[in-house]
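S.K.: Sending over input39.txt (compact mmCIF, N, CA and C atoms).
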# COMPACT_ATOMS: atom_id res chain seq x y z
N MET A 13 -7.71 -3.47 -9.94
CA MET A 13 -6.95 -2.37 -10.46
C MET A 13 -5.66 -2.93 -11.04
N VAL A 14 -5.36 -2.53 -12.25
CA VAL A 14 -4.12 -2.94 -12.91
C VAL A 14 -3.34 -1.68 -13.26
N LEU A 15 -2.13 -1.59 -12.75
CA LEU A 15 -1.26 -0.46 -13.05
C LEU A 15 -0.02 -0.97 -13.75
N THR A 16 0.24 -0.47 -14.95
CA THR A 16 1.38 -0.88 -15.73
C THR A 16 2.27 0.34 -15.96
N PHE A 17 3.53 0.24 -15.58
CA PHE A 17 4.47 1.34 -15.70
C PHE A 17 5.55 0.96 -16.71
N GLU A 18 5.86 1.86 -17.60
CA GLU A 18 6.89 1.67 -18.61
C GLU A 18 7.81 2.87 -18.57
N ASP A 19 9.10 2.65 -18.27
CA ASP A 19 10.08 3.72 -18.18
C ASP A 19 9.53 4.87 -17.32
N SER A 20 9.04 4.50 -16.14
CA SER A 20 8.37 5.45 -15.24
C SER A 20 8.94 5.37 -13.84
N THR A 21 8.74 6.45 -13.10
CA THR A 21 9.09 6.48 -11.69
C THR A 21 7.83 6.81 -10.92
N VAL A 22 7.53 6.01 -9.90
CA VAL A 22 6.36 6.24 -9.07
C VAL A 22 6.78 6.19 -7.62
N GLN A 23 6.15 7.01 -6.79
CA GLN A 23 6.48 7.05 -5.37
C GLN A 23 5.18 7.07 -4.59
N GLY A 24 5.10 6.24 -3.54
CA GLY A 24 3.93 6.24 -2.68
C GLY A 24 3.44 4.85 -2.38
N VAL A 25 2.20 4.80 -1.88
CA VAL A 25 1.54 3.54 -1.55
C VAL A 25 0.64 3.18 -2.72
N ILE A 26 0.77 1.94 -3.18
CA ILE A 26 -0.17 1.38 -4.15
C ILE A 26 -0.78 0.18 -3.44
N SER A 27 -2.09 0.18 -3.27
CA SER A 27 -2.66 -0.84 -2.41
C SER A 27 -4.15 -1.04 -2.62
N ALA A 28 -4.61 -2.22 -2.22
CA ALA A 28 -6.04 -2.44 -2.06
C ALA A 28 -6.50 -1.58 -0.89
N THR A 29 -7.74 -1.14 -0.93
CA THR A 29 -8.26 -0.31 0.15
C THR A 29 -9.70 -0.67 0.46
N ARG A 30 -10.14 -0.13 1.56
CA ARG A 30 -11.56 -0.17 1.91
C ARG A 30 -12.06 1.26 1.74
N ALA A 31 -13.10 1.42 0.94
CA ALA A 31 -13.66 2.76 0.69
C ALA A 31 -14.94 2.92 1.50
N GLU A 32 -15.04 4.01 2.23
CA GLU A 32 -16.23 4.29 3.02
C GLU A 32 -16.72 5.70 2.75
N HIS A 33 -18.02 5.81 2.55
CA HIS A 33 -18.64 7.13 2.44
C HIS A 33 -18.69 7.76 3.82
N ARG A 34 -18.69 9.07 3.86
CA ARG A 34 -18.70 9.74 5.17
C ARG A 34 -20.10 9.80 5.76
N VAL A 35 -21.12 9.45 4.99
CA VAL A 35 -22.50 9.37 5.52
C VAL A 35 -23.02 7.97 5.27
N SER A 36 -23.96 7.54 6.09
CA SER A 36 -24.44 6.16 5.98
C SER A 36 -25.50 5.98 4.90
N THR A 37 -26.22 7.02 4.55
CA THR A 37 -27.27 6.92 3.54
C THR A 37 -27.10 8.03 2.52
N ILE A 38 -27.22 7.65 1.25
CA ILE A 38 -27.14 8.63 0.17
C ILE A 38 -28.41 8.53 -0.65
N ASP A 39 -29.06 9.68 -0.83
CA ASP A 39 -30.27 9.74 -1.66
C ASP A 39 -30.21 11.02 -2.51
N SER A 40 -31.31 11.38 -3.12
CA SER A 40 -31.31 12.54 -4.02
C SER A 40 -31.01 13.86 -3.31
N SER A 41 -31.22 13.90 -2.00
CA SER A 41 -30.97 15.15 -1.28
C SER A 41 -29.48 15.38 -0.98
N ASN A 42 -28.69 14.32 -1.03
CA ASN A 42 -27.25 14.47 -0.77
C ASN A 42 -26.42 13.65 -1.76
N PHE A 43 -26.88 13.61 -3.01
CA PHE A 43 -26.22 12.85 -4.06
C PHE A 43 -24.73 13.17 -4.20
N TYR A 44 -24.35 14.39 -3.89
CA TYR A 44 -22.95 14.83 -4.00
C TYR A 44 -22.02 14.03 -3.09
N GLU A 45 -22.58 13.34 -2.11
CA GLU A 45 -21.78 12.52 -1.20
C GLU A 45 -21.21 11.28 -1.88
N LEU A 46 -21.73 10.92 -3.05
CA LEU A 46 -21.23 9.74 -3.75
C LEU A 46 -19.73 9.80 -3.99
N GLY A 47 -19.21 10.99 -4.24
CA GLY A 47 -17.80 11.15 -4.51
C GLY A 47 -16.95 11.41 -3.28
N GLN A 48 -17.55 11.45 -2.12
CA GLN A 48 -16.82 11.72 -0.88
C GLN A 48 -16.55 10.41 -0.15
N VAL A 49 -15.37 9.86 -0.34
CA VAL A 49 -15.03 8.59 0.31
C VAL A 49 -13.67 8.69 0.99
N THR A 50 -13.47 7.85 1.98
CA THR A 50 -12.18 7.70 2.63
C THR A 50 -11.67 6.31 2.31
N ASN A 51 -10.47 6.23 1.77
CA ASN A 51 -9.85 4.95 1.45
C ASN A 51 -8.84 4.60 2.53
N THR A 52 -8.98 3.39 3.09
CA THR A 52 -8.08 2.90 4.11
C THR A 52 -7.36 1.66 3.58
N VAL A 53 -6.04 1.69 3.61
CA VAL A 53 -5.23 0.57 3.12
C VAL A 53 -5.59 -0.69 3.89
N GLN A 54 -5.80 -1.79 3.14
CA GLN A 54 -6.07 -3.08 3.77
C GLN A 54 -5.81 -4.19 2.76
N PRO A 55 -5.70 -5.44 3.24
CA PRO A 55 -5.48 -6.54 2.30
C PRO A 55 -6.61 -6.64 1.29
N ALA A 56 -6.27 -7.13 0.10
CA ALA A 56 -7.26 -7.32 -0.96
C ALA A 56 -8.24 -8.40 -0.55
N VAL A 57 -9.51 -8.12 -0.73
CA VAL A 57 -10.56 -9.11 -0.48
C VAL A 57 -11.13 -9.54 -1.82
N ASN A 58 -11.82 -8.67 -2.47
CA ASN A 58 -12.33 -8.94 -3.81
C ASN A 58 -11.92 -7.80 -4.75
N ASN A 59 -10.85 -7.13 -4.40
CA ASN A 59 -10.38 -5.99 -5.18
C ASN A 59 -8.89 -6.15 -5.48
N GLY A 60 -8.57 -7.02 -6.42
CA GLY A 60 -7.19 -7.30 -6.74
C GLY A 60 -6.42 -6.07 -7.17
N VAL A 61 -5.14 -6.06 -6.85
CA VAL A 61 -4.25 -4.96 -7.22
C VAL A 61 -3.03 -5.59 -7.91
N ILE A 62 -2.90 -5.29 -9.20
CA ILE A 62 -1.82 -5.84 -10.02
C ILE A 62 -0.90 -4.70 -10.43
N VAL A 63 0.38 -4.84 -10.11
CA VAL A 63 1.37 -3.82 -10.46
C VAL A 63 2.41 -4.47 -11.37
N GLN A 64 2.60 -3.86 -12.55
CA GLN A 64 3.61 -4.32 -13.49
C GLN A 64 4.63 -3.20 -13.68
N LEU A 65 5.85 -3.47 -13.23
CA LEU A 65 6.94 -2.52 -13.42
C LEU A 65 7.73 -2.99 -14.62
N ASN A 66 7.43 -2.42 -15.76
CA ASN A 66 8.10 -2.82 -17.00
C ASN A 66 9.44 -2.09 -17.13
N SER A 67 10.08 -2.27 -18.25
CA SER A 67 11.43 -1.78 -18.50
C SER A 67 11.66 -0.34 -18.06
N GLY A 68 12.72 -0.15 -17.28
CA GLY A 68 13.13 1.18 -16.86
C GLY A 68 12.30 1.81 -15.77
N SER A 69 11.43 1.05 -15.12
CA SER A 69 10.54 1.62 -14.10
C SER A 69 11.07 1.39 -12.69
N ALA A 70 10.70 2.30 -11.78
CA ALA A 70 11.09 2.18 -10.38
C ALA A 70 9.95 2.66 -9.51
N TRP A 71 9.66 1.90 -8.46
CA TRP A 71 8.64 2.26 -7.49
C TRP A 71 9.31 2.45 -6.15
N THR A 72 9.19 3.65 -5.58
CA THR A 72 9.67 3.92 -4.23
C THR A 72 8.46 3.79 -3.31
N VAL A 73 8.45 2.73 -2.52
CA VAL A 73 7.33 2.42 -1.63
C VAL A 73 7.49 3.27 -0.36
N THR A 74 6.41 3.96 0.03
CA THR A 74 6.48 4.85 1.20
C THR A 74 5.67 4.35 2.39
N GLY A 75 4.91 3.28 2.21
CA GLY A 75 4.10 2.74 3.31
C GLY A 75 3.57 1.38 2.94
N THR A 76 2.93 0.72 3.88
CA THR A 76 2.41 -0.63 3.67
C THR A 76 1.50 -0.66 2.46
N SER A 77 1.77 -1.63 1.58
CA SER A 77 1.01 -1.79 0.35
C SER A 77 0.58 -3.25 0.21
N TYR A 78 -0.69 -3.45 -0.13
CA TYR A 78 -1.25 -4.79 -0.32
C TYR A 78 -1.56 -4.99 -1.79
N LEU A 79 -0.94 -6.02 -2.38
CA LEU A 79 -1.12 -6.34 -3.80
C LEU A 79 -1.58 -7.78 -3.95
N THR A 80 -2.01 -8.12 -5.16
CA THR A 80 -2.31 -9.51 -5.47
C THR A 80 -1.38 -10.05 -6.55
N MET A 81 -0.67 -9.15 -7.25
CA MET A 81 0.30 -9.57 -8.24
C MET A 81 1.33 -8.46 -8.44
N LEU A 82 2.58 -8.84 -8.55
CA LEU A 82 3.66 -7.89 -8.79
C LEU A 82 4.63 -8.50 -9.80
N THR A 83 4.90 -7.73 -10.87
CA THR A 83 5.88 -8.14 -11.87
C THR A 83 6.94 -7.06 -11.93
N VAL A 84 8.21 -7.48 -11.82
CA VAL A 84 9.34 -6.55 -11.83
C VAL A 84 10.26 -6.95 -12.99
N ALA A 85 10.33 -6.10 -14.02
CA ALA A 85 11.18 -6.39 -15.17
C ALA A 85 12.65 -6.47 -14.73
N GLY A 86 13.47 -7.03 -15.59
CA GLY A 86 14.88 -7.21 -15.28
C GLY A 86 15.63 -5.92 -14.99
N ASP A 87 15.16 -4.82 -15.56
CA ASP A 87 15.82 -3.54 -15.32
C ASP A 87 14.90 -2.57 -14.57
N ALA A 88 13.97 -3.12 -13.80
CA ALA A 88 13.07 -2.31 -12.97
C ALA A 88 13.47 -2.50 -11.51
N ALA A 89 12.90 -1.65 -10.63
CA ALA A 89 13.27 -1.73 -9.21
C ALA A 89 12.10 -1.38 -8.31
N VAL A 90 12.08 -2.02 -7.15
CA VAL A 90 11.17 -1.67 -6.05
C VAL A 90 12.08 -1.31 -4.89
N ARG A 91 11.89 -0.11 -4.32
CA ARG A 91 12.80 0.36 -3.28
C ARG A 91 12.07 1.25 -2.29
N THR A 92 12.82 1.73 -1.30
CA THR A 92 12.30 2.70 -0.34
C THR A 92 13.22 3.91 -0.35
N ALA A 93 12.82 4.90 0.40
CA ALA A 93 13.68 6.08 0.55
C ALA A 93 14.96 5.66 1.27
N SER A 94 15.97 6.43 1.10
CA SER A 94 17.26 6.17 1.71
C SER A 94 17.13 5.95 3.22
N GLY A 95 17.78 4.91 3.71
CA GLY A 95 17.81 4.65 5.15
C GLY A 95 16.66 3.81 5.67
N GLU A 96 15.70 3.48 4.82
CA GLU A 96 14.58 2.65 5.27
C GLU A 96 14.72 1.26 4.68
N SER A 97 14.11 0.30 5.35
CA SER A 97 14.15 -1.07 4.85
C SER A 97 12.80 -1.42 4.21
N LEU A 98 12.81 -2.39 3.32
CA LEU A 98 11.60 -2.85 2.64
C LEU A 98 11.55 -4.36 2.75
N THR A 99 10.42 -4.87 3.22
CA THR A 99 10.23 -6.31 3.26
C THR A 99 8.97 -6.66 2.47
N MET A 100 8.97 -7.88 1.93
CA MET A 100 7.81 -8.37 1.21
C MET A 100 7.48 -9.77 1.69
N THR A 101 6.20 -10.01 1.89
CA THR A 101 5.73 -11.37 2.13
C THR A 101 4.74 -11.72 1.02
N VAL A 102 4.75 -13.00 0.65
CA VAL A 102 3.78 -13.52 -0.32
C VAL A 102 3.09 -14.69 0.36
N ASP A 103 1.80 -14.55 0.58
CA ASP A 103 1.03 -15.56 1.32
C ASP A 103 1.66 -15.84 2.68
N GLY A 104 2.20 -14.78 3.31
CA GLY A 104 2.77 -14.88 4.65
C GLY A 104 4.22 -15.31 4.71
N THR A 105 4.82 -15.64 3.57
CA THR A 105 6.20 -16.10 3.53
C THR A 105 7.13 -14.96 3.12
N PRO A 106 8.14 -14.64 3.93
CA PRO A 106 9.09 -13.60 3.52
C PRO A 106 9.72 -13.96 2.17
N THR A 107 9.73 -13.00 1.27
CA THR A 107 10.19 -13.24 -0.09
C THR A 107 11.05 -12.07 -0.55
N ALA A 108 12.20 -12.38 -1.15
CA ALA A 108 13.07 -11.33 -1.69
C ALA A 108 12.44 -10.75 -2.95
N ILE A 109 12.58 -9.44 -3.11
CA ILE A 109 12.12 -8.77 -4.32
C ILE A 109 13.29 -8.75 -5.28
N GLU A 110 13.11 -9.40 -6.43
CA GLU A 110 14.20 -9.51 -7.38
C GLU A 110 13.81 -8.95 -8.73
N ALA A 111 14.76 -8.30 -9.40
CA ALA A 111 14.53 -7.88 -10.78
C ALA A 111 14.24 -9.12 -11.61
N GLY A 112 13.25 -9.03 -12.47
CA GLY A 112 12.84 -10.18 -13.26
C GLY A 112 11.85 -11.08 -12.55
N GLY A 113 11.40 -10.68 -11.36
CA GLY A 113 10.51 -11.53 -10.57
C GLY A 113 9.04 -11.33 -10.88
N ASP A 114 8.29 -12.41 -10.76
CA ASP A 114 6.82 -12.41 -10.86
C ASP A 114 6.28 -13.01 -9.59
N TYR A 115 5.40 -12.29 -8.91
CA TYR A 115 4.87 -12.74 -7.63
C TYR A 115 3.35 -12.63 -7.68
N SER A 116 2.67 -13.60 -7.08
CA SER A 116 1.21 -13.52 -7.00
C SER A 116 0.75 -14.19 -5.72
N GLY A 117 -0.37 -13.71 -5.21
CA GLY A 117 -0.92 -14.17 -3.95
C GLY A 117 -1.21 -12.97 -3.08
N ALA A 118 -1.25 -13.19 -1.79
CA ALA A 118 -1.46 -12.09 -0.83
C ALA A 118 -0.09 -11.46 -0.57
N ILE A 119 0.20 -10.37 -1.29
CA ILE A 119 1.50 -9.71 -1.22
C ILE A 119 1.41 -8.50 -0.30
N VAL A 120 2.34 -8.42 0.65
CA VAL A 120 2.41 -7.27 1.55
C VAL A 120 3.81 -6.70 1.49
N LEU A 121 3.90 -5.42 1.13
CA LEU A 121 5.16 -4.69 1.15
C LEU A 121 5.13 -3.78 2.37
N THR A 122 6.17 -3.88 3.19
CA THR A 122 6.21 -3.11 4.44
C THR A 122 7.50 -2.31 4.50
N VAL A 123 7.36 -1.03 4.84
CA VAL A 123 8.51 -0.14 4.99
C VAL A 123 8.82 -0.06 6.49
N GLY A 124 10.10 -0.23 6.83
CA GLY A 124 10.45 -0.20 8.25
C GLY A 124 11.63 0.69 8.54
Could you take the file, read its structure, and then write that structure out as structure tokens?
M.R.:
Amino acid sequence: MVLTFEDSTVQGVISATRAEHRVSTIDSSNFYELGQVTNTVQPAVNNGVIVQLNSGSAWTVTGTSYLTMLTVAGDAAVRTASGESLTMTVDGTPTAIEAGGDYSGAIVLTVG
């Protein structure tokens, strides 16, 4: 999944997930179940998540988010709601989120 934001504001969790159907078998008798899935946030396995915050964009992170690439333009921002802290690790190493930064690997954003 590639999400590119230009002069935009986004709020919430953007993350790799595990999708599970609510039934174990789907056939012609219950075909409508194909669209009924539960997504659970988890690290990316084979489902990369690329977020590009281009000029004038801001992302307010509201919960743990797993990415594989994050680009933050010089005038873009990644933040949390007032009073909360935000940490990022890249491949397990604590990393500061900086305007103008490009990050890739196993990225975890955590709100605390």
S.K.: Please return, as a PyMOL selection string, all residues of stretch 37-82 of chain A that DSSP assigns to helix (DSSP H, G or I) on the basis of the backbone.
M.R.: chain A and resi 40-47
S.K.: Hey, can you check how far atom CA of A:Leu82 sits from atom N of A:Glu32?
M.R.: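 Distance between the two atoms: 24.8 Å.
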S.K.: Give the answer as one residue: which of A:Ile109, A:Ala28, A:Val35, A:Met81 has the shortest atom-to-atom distance to A:Pro55, using only C-alpha atoms?
M.R.: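 Checking each candidate against A:Pro55, we get A:Ala28 as the closest.
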S.K.: I'd like the neighbourhood of A:Thr101 as a list of chain:residue names, where a residue qualifies if any of its atoms comes within 6.5 Å (using all atoms listed in the file), though same-chain residues fewer than 5 positions away should be ignored.
M.R.: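 Surrounding residues, per the criterion: A:Pro106, A:Thr107, A:Ala118, A:Ile119, A:Val120, A:Leu121, A:Thr122.
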S.K.: Between atom CA of A:Gln54 and atom CA of A:Gly104, what is the spacing in Å?
M.R.: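 Result for atom CA of A:Gly104 versus atom CA of A:Gln54: 14.8 Å, one decimal.
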S.K.: Between atom CA of A:Asn58 and atom CA of A:Thr72, what is the spacing in Å?
M.R.: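 Value for the atom CA of A:Thr72-atom CA of A:Asn58 distance: 25.5 Å.
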S.K.: Neighbouring residues of A:Thr50 were defined as those with any atom within 6 Å, considering only N, CA and C atoms; residues of the same chain fewer than 3 positions away were excluded. Please report them as a tab-separated table (two decimals) with N, CA and C atoms, in the coordinates of the input.
M.R.:
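And here is the file that came out, part26.tsv:
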chain	number	residue	atom	x	y	z
A	30	ARG	N	-10.14	-0.13	1.56
A	30	ARG	CA	-11.56	-0.17	1.91
A	30	ARG	C	-12.06	1.26	1.74
A	31	ALA	N	-13.10	1.42	0.94
A	31	ALA	CA	-13.66	2.76	0.69
A	31	ALA	C	-14.94	2.92	1.50
A	32	GLU	N	-15.04	4.01	2.23
A	32	GLU	CA	-16.23	4.29	3.02
A	32	GLU	C	-16.72	5.70	2.75
A	33	HIS	N	-18.02	5.81	2.55
A	33	HIS	CA	-18.64	7.13	2.44
A	33	HIS	C	-18.69	7.76	3.82
A	34	ARG	N	-18.69	9.07	3.86
A	34	ARG	CA	-18.70	9.74	5.17
A	34	ARG	C	-20.10	9.80	5.76
S.K.: Nearest to A:Thr74: which of A:Thr16, A:Gln23, A:Ser116, A:Ser40 is it, counting all atoms listed in the file?
M.R.: A:Gln23
S.K.: Can you list, as a compact mmCIF listing (two decimals) with N, CA and C atoms, in the frame of the given file, every residue of stretch 17-52 of chain A that DSSP puts in strand (DSSP E)?
M.R.:
# COMPACT_ATOMS: atom_id res chain seq x y z
N PHE A 17 3.53 0.24 -15.58
CA PHE A 17 4.47 1.34 -15.70
C PHE A 17 5.55 0.96 -16.71
N THR A 21 8.74 6.45 -13.10
CA THR A 21 9.09 6.48 -11.69
C THR A 21 7.83 6.81 -10.92
N VAL A 22 7.53 6.01 -9.90
CA VAL A 22 6.36 6.24 -9.07
C VAL A 22 6.78 6.19 -7.62
N GLN A 23 6.15 7.01 -6.79
CA GLN A 23 6.48 7.05 -5.37
C GLN A 23 5.18 7.07 -4.59
N GLY A 24 5.10 6.24 -3.54
CA GLY A 24 3.93 6.24 -2.68
C GLY A 24 3.44 4.85 -2.38
N THR A 29 -7.74 -1.14 -0.93
CA THR A 29 -8.26 -0.31 0.15
C THR A 29 -9.70 -0.67 0.46
N ARG A 30 -10.14 -0.13 1.56
CA ARG A 30 -11.56 -0.17 1.91
C ARG A 30 -12.06 1.26 1.74
N ALA A 31 -13.10 1.42 0.94
CA ALA A 31 -13.66 2.76 0.69
C ALA A 31 -14.94 2.92 1.50
N GLU A 32 -15.04 4.01 2.23
CA GLU A 32 -16.23 4.29 3.02
C GLU A 32 -16.72 5.70 2.75
N HIS A 33 -18.02 5.81 2.55
CA HIS A 33 -18.64 7.13 2.44
C HIS A 33 -18.69 7.76 3.82
N VAL A 49 -15.37 9.86 -0.34
CA VAL A 49 -15.03 8.59 0.31
C VAL A 49 -13.67 8.69 0.99
N THR A 50 -13.47 7.85 1.98
CA THR A 50 -12.18 7.70 2.63
C THR A 50 -11.67 6.31 2.31
N ASN A 51 -10.47 6.23 1.77
CA ASN A 51 -9.85 4.95 1.45
C ASN A 51 -8.84 4.60 2.53
N THR A 52 -8.98 3.39 3.09
CA THR A 52 -8.08 2.90 4.11
C THR A 52 -7.36 1.66 3.58
S.K.: So, with all atoms listed in the file as the atoms that count, which of A:Thr99, A:Ser20, A:Thr92, A:Thr83 lies closest to A:Asp114?
M.R.: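 Using all atoms listed in the file, the shortest distance to A:Asp114 belongs to A:Thr83.
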S.K.: Pick from A:Phe17, A:Asp39, A:Val53, A:Gln64: nearest to A:Ser77, with all atoms listed in the file counted?
M.R.: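 Under the stated criterion, the closest residue is A:Val53.
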S.K.: With only N, CA and C atoms as the basis for distance, which of A:Ala88, A:Glu45, A:Ile38, A:Thr21 is at the shortest distance from A:Glu110?
M.R.: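 Smallest distance to A:Glu110 is found for A:Ala88.
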S.K.: Looking at all atoms listed in the file, which of A:Asn59, A:Asn51, A:Ser69, A:Asn42 is the one that sits closest to A:Asp19?
M.R.: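 Closest to A:Asp19 of all the choices is A:Ser69.
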S.K.: Give me stretch 84-105 of chain A with N, CA, C and O atoms filled in, as a short mmCIF file (atom, residue, chain, number, x, y, z; two decimals), in the frame of the given file.
M.R.:
data_model
loop_
_atom_site.label_atom_id
_atom_site.label_comp_id
_atom_site.auth_asym_id
_atom_site.auth_seq_id
_atom_site.Cartn_x
_atom_site.Cartn_y
_atom_site.Cartn_z
N VAL A 84 8.21 -7.48 -11.82
CA VAL A 84 9.34 -6.55 -11.83
C VAL A 84 10.26 -6.95 -12.99
O VAL A 84 10.88 -8.01 -12.96
N ALA A 85 10.33 -6.10 -14.02
CA ALA A 85 11.18 -6.39 -15.17
C ALA A 85 12.65 -6.47 -14.73
O ALA A 85 13.02 -5.99 -13.65
N GLY A 86 13.47 -7.03 -15.59
CA GLY A 86 14.88 -7.21 -15.28
C GLY A 86 15.63 -5.92 -14.99
O GLY A 86 16.60 -5.92 -14.26
N ASP A 87 15.16 -4.82 -15.56
CA ASP A 87 15.82 -3.54 -15.32
C ASP A 87 14.90 -2.57 -14.57
O ASP A 87 15.04 -1.36 -14.66
N ALA A 88 13.97 -3.12 -13.80
CA ALA A 88 13.07 -2.31 -12.97
C ALA A 88 13.47 -2.50 -11.51
O ALA A 88 14.25 -3.39 -11.17
N ALA A 89 12.90 -1.65 -10.63
CA ALA A 89 13.27 -1.73 -9.21
C ALA A 89 12.10 -1.38 -8.31
O ALA A 89 11.27 -0.54 -8.65
N VAL A 90 12.08 -2.02 -7.15
CA VAL A 90 11.17 -1.67 -6.05
C VAL A 90 12.08 -1.31 -4.89
O VAL A 90 12.95 -2.10 -4.50
N ARG A 91 11.89 -0.11 -4.32
CA ARG A 91 12.80 0.36 -3.28
C ARG A 91 12.07 1.25 -2.29
O ARG A 91 10.89 1.51 -2.43
N THR A 92 12.82 1.73 -1.30
CA THR A 92 12.30 2.70 -0.34
C THR A 92 13.22 3.91 -0.35
O THR A 92 14.25 3.91 -1.00
N ALA A 93 12.82 4.90 0.40
CA ALA A 93 13.68 6.08 0.55
C ALA A 93 14.96 5.66 1.27
O ALA A 93 14.99 4.66 1.99
N SER A 94 15.97 6.43 1.10
CA SER A 94 17.26 6.17 1.71
C SER A 94 17.13 5.95 3.22
O SER A 94 16.45 6.70 3.91
N GLY A 95 17.78 4.91 3.71
CA GLY A 95 17.81 4.65 5.15
C GLY A 95 16.66 3.81 5.67
O GLY A 95 16.64 3.45 6.84
N GLU A 96 15.70 3.48 4.82
CA GLU A 96 14.58 2.65 5.27
C GLU A 96 14.72 1.26 4.68
O GLU A 96 15.35 1.06 3.65
N SER A 97 14.11 0.30 5.35
CA SER A 97 14.15 -1.07 4.85
C SER A 97 12.80 -1.42 4.21
O SER A 97 11.78 -0.81 4.53
N LEU A 98 12.81 -2.39 3.32
CA LEU A 98 11.60 -2.85 2.64
C LEU A 98 11.55 -4.36 2.75
O LEU A 98 12.53 -5.04 2.44
N THR A 99 10.42 -4.87 3.22
CA THR A 99 10.23 -6.31 3.26
C THR A 99 8.97 -6.66 2.47
O THR A 99 8.05 -5.85 2.35
N MET A 100 8.97 -7.88 1.93
CA MET A 100 7.81 -8.37 1.21
C MET A 100 7.48 -9.77 1.69
O MET A 100 8.38 -10.60 1.89
N THR A 101 6.20 -10.01 1.89
CA THR A 101 5.73 -11.37 2.13
C THR A 101 4.74 -11.72 1.02
O THR A 101 4.02 -10.86 0.52
N VAL A 102 4.75 -13.00 0.65
CA VAL A 102 3.78 -13.52 -0.32
C VAL A 102 3.09 -14.69 0.36
O VAL A 102 3.75 -15.66 0.75
N ASP A 103 1.80 -14.55 0.58
CA ASP A 103 1.03 -15.56 1.32
C ASP A 103 1.66 -15.84 2.68
O ASP A 103 1.72 -16.98 3.14
N GLY A 104 2.20 -14.78 3.31
CA GLY A 104 2.77 -14.88 4.65
C GLY A 104 4.22 -15.31 4.71
O GLY A 104 4.81 -15.33 5.78
N THR A 105 4.82 -15.64 3.57
CA THR A 105 6.20 -16.10 3.53
C THR A 105 7.13 -14.96 3.12
O THR A 105 6.91 -14.36 2.05
#
